[in-house]
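Undergrad: My structure file data.cif, mmCIF, C-alpha atoms, is below:
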```cif
data_input
#
loop_
_atom_site.label_atom_id
_atom_site.label_comp_id
_atom_site.auth_asym_id
_atom_site.auth_seq_id
_atom_site.Cartn_x
_atom_site.Cartn_y
_atom_site.Cartn_z
CA MET T 138 -125.85 -5.97 66.49
CA SER T 139 -124.85 -2.32 66.82
CA LEU T 140 -122.50 -0.62 64.37
CA ILE T 141 -119.85 -0.11 67.07
CA GLU T 142 -119.98 -3.82 67.95
CA THR T 143 -119.64 -4.78 64.30
CA LYS T 144 -116.62 -2.51 63.91
CA GLN T 145 -115.10 -3.83 67.13
CA GLN T 146 -115.37 -7.36 65.76
CA GLN T 147 -113.59 -6.18 62.61
CA VAL T 148 -110.83 -4.63 64.74
CA GLU T 149 -110.45 -7.84 66.73
CA ALA T 150 -110.21 -9.95 63.57
CA THR T 151 -107.50 -7.65 62.23
CA LEU T 152 -105.49 -7.64 65.46
CA ARG T 153 -105.60 -11.44 65.61
CA LEU T 154 -104.08 -11.88 62.16
CA ALA T 155 -100.54 -11.85 63.62
CA PRO T 156 -98.80 -11.10 66.93
CA VAL T 157 -97.34 -7.84 65.59
CA VAL T 158 -98.79 -4.94 63.62
CA PRO T 159 -95.95 -3.02 61.97
CA VAL T 160 -96.12 0.73 62.47
CA VAL T 161 -94.76 2.20 59.25
CA ILE T 162 -93.41 5.69 58.62
CA ILE T 163 -92.91 5.90 54.87
CA ASP T 164 -91.29 8.76 52.97
CA ASP T 165 -91.46 7.33 49.45
CA ALA T 166 -94.79 5.93 48.31
CA LYS T 167 -92.99 3.86 45.66
CA ALA T 168 -91.64 1.69 48.45
CA ALA T 169 -95.09 0.88 49.79
CA VAL T 170 -96.03 -2.06 47.58
CA PRO T 171 -92.76 -4.03 47.77
CA MET T 172 -92.57 -3.33 51.51
CA ALA T 173 -96.10 -4.60 52.07
CA ARG T 174 -95.49 -7.66 49.92
CA ALA T 175 -92.41 -8.47 52.01
CA LEU T 176 -94.39 -8.14 55.24
CA VAL T 177 -97.21 -10.35 53.96
CA ALA T 178 -94.70 -12.94 52.71
CA GLY T 179 -93.18 -12.96 56.20
CA GLY T 180 -96.55 -13.67 57.83
CA ILE T 181 -97.53 -10.13 58.84
CA PRO T 182 -100.66 -9.09 56.90
CA ALA T 183 -102.02 -6.20 59.02
CA ILE T 184 -100.01 -3.05 58.33
CA GLU T 185 -100.43 0.37 59.93
CA VAL T 186 -99.16 3.22 57.75
CA THR T 187 -98.95 6.38 59.84
CA LEU T 188 -100.03 9.81 58.65
CA ARG T 189 -96.67 11.31 59.56
CA THR T 190 -95.43 11.94 56.04
CA PRO T 191 -96.91 13.40 52.85
CA ALA T 192 -96.53 10.01 51.16
CA ALA T 193 -98.77 8.14 53.60
CA LEU T 194 -102.15 8.30 51.86
CA GLU T 195 -100.65 7.45 48.47
CA ALA T 196 -98.88 4.50 50.09
CA ILE T 197 -102.15 3.29 51.63
CA ARG T 198 -103.94 3.55 48.29
CA ALA T 199 -101.21 1.56 46.57
CA ILE T 200 -101.13 -1.21 49.18
CA ALA T 201 -104.93 -1.49 49.24
CA ALA T 202 -105.07 -1.77 45.45
CA GLU T 203 -102.03 -3.92 44.69
CA VAL T 204 -100.99 -6.15 47.60
CA GLU T 205 -102.96 -9.37 47.90
CA GLY T 206 -103.35 -10.52 51.48
CA ALA T 207 -102.52 -7.17 53.03
CA VAL T 208 -104.92 -5.51 55.48
CA VAL T 209 -103.74 -1.93 55.42
CA GLY T 210 -104.68 0.55 58.10
CA VAL T 211 -103.87 4.16 58.85
CA GLY T 212 -102.17 5.40 61.99
CA THR T 213 -101.74 8.78 63.68
CA VAL T 214 -105.38 9.64 62.99
CA LEU T 215 -106.02 12.91 64.80
CA THR T 216 -109.06 14.51 63.16
CA PRO T 217 -112.33 13.62 61.41
CA ARG T 218 -110.68 14.63 58.13
CA ASP T 219 -107.86 12.15 58.75
CA LEU T 220 -110.45 9.43 59.28
CA GLU T 221 -112.33 10.24 56.09
CA ASN T 222 -109.14 10.55 54.04
CA ALA T 223 -108.08 7.12 55.30
CA ARG T 224 -111.43 5.60 54.35
CA GLN T 225 -111.26 7.07 50.87
CA ALA T 226 -107.71 5.79 50.44
CA GLY T 227 -108.87 2.24 51.08
CA ALA T 228 -107.75 1.72 54.66
CA LYS T 229 -109.44 -1.15 56.50
CA PHE T 230 -108.85 0.19 60.00
CA ALA T 231 -107.71 3.39 61.71
CA VAL T 232 -105.50 3.92 64.75
CA SER T 233 -105.25 7.05 66.90
CA PRO T 234 -102.68 7.93 69.59
CA GLY T 235 -105.47 9.23 71.83
CA VAL T 236 -109.03 10.43 71.45
CA SER T 237 -111.01 13.65 71.24
CA PRO T 238 -114.76 14.27 71.25
CA LYS T 239 -114.73 15.28 67.58
CA LEU T 240 -112.76 12.21 66.52
CA LEU T 241 -115.04 9.86 68.44
CA ALA T 242 -118.12 11.50 66.96
CA ALA T 243 -116.68 11.07 63.47
CA ALA T 244 -115.83 7.45 64.22
CA ASP T 245 -119.43 6.84 65.31
CA ASP T 246 -120.61 8.00 61.87
CA SER T 247 -117.89 6.24 59.85
CA ASP T 248 -117.87 2.63 58.73
CA LEU T 249 -114.08 2.57 59.19
CA PRO T 250 -113.19 0.71 62.43
CA LEU T 251 -111.13 2.72 64.92
CA LEU T 252 -108.52 1.46 67.38
CA PRO T 253 -108.24 4.41 69.79
CA GLY T 254 -105.24 5.02 72.00
CA VAL T 255 -105.25 5.28 75.79
CA ALA T 256 -102.59 5.76 78.44
CA THR T 257 -104.69 5.61 81.63
CA ALA T 258 -107.35 3.40 83.18
CA SER T 259 -109.79 6.33 83.18
CA GLU T 260 -109.41 6.76 79.43
CA ALA T 261 -109.95 3.04 78.94
CA MET T 262 -113.09 3.11 81.09
CA SER T 263 -114.52 6.06 79.16
CA LEU T 264 -114.04 4.24 75.85
CA LEU T 265 -115.47 1.03 77.27
CA GLU T 266 -118.66 2.99 78.07
CA ARG T 267 -118.87 3.87 74.37
CA GLY T 268 -118.53 0.22 73.34
CA TYR T 269 -114.80 0.04 72.61
CA ARG T 270 -113.41 -3.28 73.81
CA HIS T 271 -110.18 -3.12 71.81
CA LEU T 272 -107.77 -0.30 72.50
CA LYS T 273 -104.25 0.77 71.72
CA PHE T 274 -102.06 1.29 74.81
CA PHE T 275 -99.77 4.18 73.89
CA PRO T 276 -96.99 5.05 74.44
CA ALA T 277 -96.63 1.58 75.91
CA VAL T 278 -93.14 1.57 77.38
CA PRO T 279 -93.00 5.22 78.59
CA ALA T 280 -96.56 5.00 79.99
CA GLY T 281 -95.75 2.11 82.31
CA GLY T 282 -94.92 -0.89 80.16
CA HIS T 283 -96.13 -4.43 80.59
CA LYS T 284 -96.41 -4.09 84.38
CA LEU T 285 -99.00 -1.32 84.16
CA LEU T 286 -100.91 -3.05 81.39
CA GLY T 287 -100.89 -6.31 83.30
CA ALA T 288 -102.29 -4.54 86.36
CA TRP T 289 -105.35 -3.52 84.31
CA ALA T 290 -106.21 -7.12 83.37
CA SER T 291 -108.17 -7.87 86.54
CA PRO T 292 -110.19 -4.64 86.98
CA LEU T 293 -110.78 -4.21 83.21
CA PRO T 294 -111.29 -7.79 82.00
CA GLN T 295 -113.54 -6.76 79.10
CA ILE T 296 -110.77 -4.87 77.29
CA ARG T 297 -108.04 -6.20 75.01
CA PHE T 298 -105.06 -4.09 74.04
CA CYS T 299 -102.53 -3.59 71.29
CA PRO T 300 -99.63 -1.89 73.12
CA THR T 301 -97.50 0.30 70.88
CA GLY T 302 -94.60 2.65 71.53
CA GLY T 303 -91.05 1.69 72.45
CA ILE T 304 -91.60 -2.04 71.92
CA SER T 305 -88.87 -4.13 70.28
CA LEU T 306 -88.56 -7.75 69.22
CA ALA T 307 -86.83 -8.47 72.53
CA GLY T 308 -89.47 -6.67 74.60
CA ALA T 309 -92.56 -7.90 72.76
CA PRO T 310 -92.87 -11.26 74.59
CA GLU T 311 -93.38 -9.48 77.95
CA PHE T 312 -96.49 -7.83 76.52
CA LEU T 313 -97.71 -10.81 74.51
CA ALA T 314 -97.65 -12.97 77.65
CA LEU T 315 -100.36 -10.81 79.24
CA PRO T 316 -103.96 -12.09 79.19
CA ASN T 317 -105.30 -8.73 77.99
CA VAL T 318 -102.93 -8.29 75.03
CA VAL T 319 -103.98 -9.46 71.55
CA CYS T 320 -100.92 -8.23 69.67
CA VAL T 321 -98.30 -5.49 69.80
CA GLY T 322 -97.44 -2.66 67.45
CA GLY T 323 -93.87 -1.94 66.49
CA SER T 324 -91.75 0.04 64.09
CA TRP T 325 -88.79 -2.34 64.13
CA LEU T 326 -90.12 -4.39 61.19
CA THR T 327 -89.68 -1.54 58.70
CA PRO T 328 -86.52 0.36 59.71
CA VAL T 329 -85.64 3.49 57.77
CA ASP T 330 -82.40 2.10 56.37
CA LYS T 331 -84.10 -0.96 54.87
CA LEU T 332 -86.91 1.12 53.39
CA LYS T 333 -84.43 3.53 51.79
CA SER T 334 -82.17 0.79 50.41
CA GLY T 335 -85.03 -1.42 49.24
CA ASP T 336 -83.97 -4.34 51.38
CA TRP T 337 -87.23 -6.24 51.01
CA ALA T 338 -85.62 -9.56 51.87
CA GLY T 339 -84.43 -8.02 55.12
CA ILE T 340 -87.92 -6.75 55.93
CA GLU T 341 -89.39 -10.17 55.15
CA ALA T 342 -86.88 -11.74 57.54
CA LEU T 343 -87.89 -9.30 60.29
CA ALA T 344 -91.54 -10.11 59.60
CA ARG T 345 -90.87 -13.85 59.94
CA GLU T 346 -89.24 -13.27 63.33
CA ALA T 347 -92.22 -11.22 64.46
CA ALA T 348 -94.77 -13.72 63.12
CA ALA T 349 -93.11 -16.46 65.19
CA LEU T 350 -93.98 -14.67 68.44
CA LYS T 351 -96.98 -15.97 70.36
CA ALA T 352 -99.78 -14.05 72.06
CA ARG T 353 -101.48 -15.52 75.13
CA SER T 354 -104.82 -13.78 74.64
#
```
Would you put the structure from the file into structure tokens?
TA:
Amino acid sequence: MSLIETKQQQVEATLRLAPVVPVVIIDDAKAAVPMARALVAGGIPAIEVTLRTPAALEAIRAIAAEVEGAVVGVGTVLTPRDLENARQAGAKFAVSPGVSPKLLAAADDSDLPLLPGVATASEAMSLLERGYRHLKFFPAVPAGGHKLLGAWASPLPQIRFCPTGGISLAGAPEFLALPNVVCVGGSWLTPVDKLKSGDWAGIEALAREAAALKARS
């Protein structure tokens, strides 16, 4: 089995842990562990911490080291350095909003599985040629929503998607009903106000709602 196929199997296993992968923007690394514990307790073990704040890598390190049952990944990976920093921090998977030749080359050489983002069928086809069968559809709602993604199911049956971007609890079922969707990504599970106030019970409740959703794929 090739390295890319092995990593794709790891990505698939992670995406199938729950119907939603929370997309977390965290400003205070001290909130990372209790937040992650609340998500895991609510049935959401795969957690994407985005590299949009200075606290992100510290948060990933803390979750990887201290939260049993959590599968922490890194989002907003843009460069080879981002990928390597994520690996060193203990991330189990990486997510990018799109792709570049340098990032793909780095991903080929890294043992950290990558979930690359696409917004068009051509981008999806190019990644399929490289062995990527699991992709992020981003930004899901602005790029065409569940209707566009559903239209890709027949001509691109080999690919499974995690749509992310503009998806809410109310809108998630439209995506999860598609045959080519494994799970969705969403930021609604860890809202800023609950992170700042330390409302871990509230985050656990949001996680339980999300975990109760069902994916068709």
Undergrad: I'd like to know which of T:Ala178, T:Ala256, T:Leu306, T:Val186 is closest to Ala228 in chain T, using all atoms listed in the file.
TA: T:Val186
Undergrad: What's the separation between CA of Thr213 in chain T and CA of Ala288 in chain T, in Å to one decimal place?
TA: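 About the pair CA of Thr213 in chain T and CA of Ala288 in chain T: they are 26.3 Å apart.
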Undergrad: Suppose a student applies the PyMOL selection byres ((chain T and resi 318) around 9) to this structure; what residues should they get, written as a list in words?
TA: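 In the shown coordinates, the PyMOL selection byres ((chain T and resi 318) around 9) covers Leu286, Gly287, Ile296, Arg297, Phe298, Cys299, Pro300, Phe312, Leu313, Ala314, Leu315, Pro316, Asn317, Val319, Cys320, Val321, Ala352, Arg353 and Ser354 of chain T.
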Undergrad: Can you give me, as a PyMOL selection string, the residues this file yields under the PyMOL selection byres ((chain T and resi 344) around 7)?
TA: chain T and resi 176+179-181+326+340-343+345-348
Undergrad: I'd like the residues picked by the PyMOL selection byres ((chain T and resi 247) around 10) written out as a CSV table (one decimal) with C-alpha atoms, in the coordinates of the input, using the chain letters and numbers from the file.
TA:
```csv
chain,number,residue,atom,x,y,z
T,140,LEU,CA,-122.5,-0.6,64.4
T,141,ILE,CA,-119.8,-0.1,67.1
T,144,LYS,CA,-116.6,-2.5,63.9
T,217,PRO,CA,-112.3,13.6,61.4
T,220,LEU,CA,-110.4,9.4,59.3
T,221,GLU,CA,-112.3,10.2,56.1
T,224,ARG,CA,-111.4,5.6,54.4
T,241,LEU,CA,-115.0,9.9,68.4
T,242,ALA,CA,-118.1,11.5,67.0
T,243,ALA,CA,-116.7,11.1,63.5
T,244,ALA,CA,-115.8,7.4,64.2
T,245,ASP,CA,-119.4,6.8,65.3
T,246,ASP,CA,-120.6,8.0,61.9
T,248,ASP,CA,-117.9,2.6,58.7
T,249,LEU,CA,-114.1,2.6,59.2
T,250,PRO,CA,-113.2,0.7,62.4
T,251,LEU,CA,-111.1,2.7,64.9
```
Undergrad: Between CA of Gly206 in chain T and CA of Asp336 in chain T, what is the distance, to one decimal in Å?
TA: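 Pair CA of Gly206 in chain T / CA of Asp336 in chain T returns 20.3 Å.
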Undergrad: Give me, please, the distance in Å between CA of Leu332 in chain T and CA of Gly210 in chain T, quoted to one decimal.
TA: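 Between these atoms lies a distance of 18.4 Å.
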Undergrad: Quick one: of T:Pro171, T:Gly303, T:Gly235, T:Pro279, who's nearest to Val214 in chain T, counting all atoms listed in the file?
TA: T:Gly235
Undergrad: Which one of T:Leu272, T:Val329, T:Ala290, T:Val204 sits closest to Ile184 in chain T if you count only C-alpha atoms?
TA: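 Checking each candidate against Ile184 in chain T, we get T:Val204 as the closest.
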Undergrad: To test the calculation: enclose all listed atoms of range 163-168 of chain T in a box whose edges run along x, y and z, add 6 Å on each side, then state centre and edge lengths in Å to one decimal, as JSON.
TA:
```
{"center_x": -93.0, "center_y": 5.2, "center_z": 50.3, "size_x": 15.5, "size_y": 19.1, "size_z": 21.2}
```
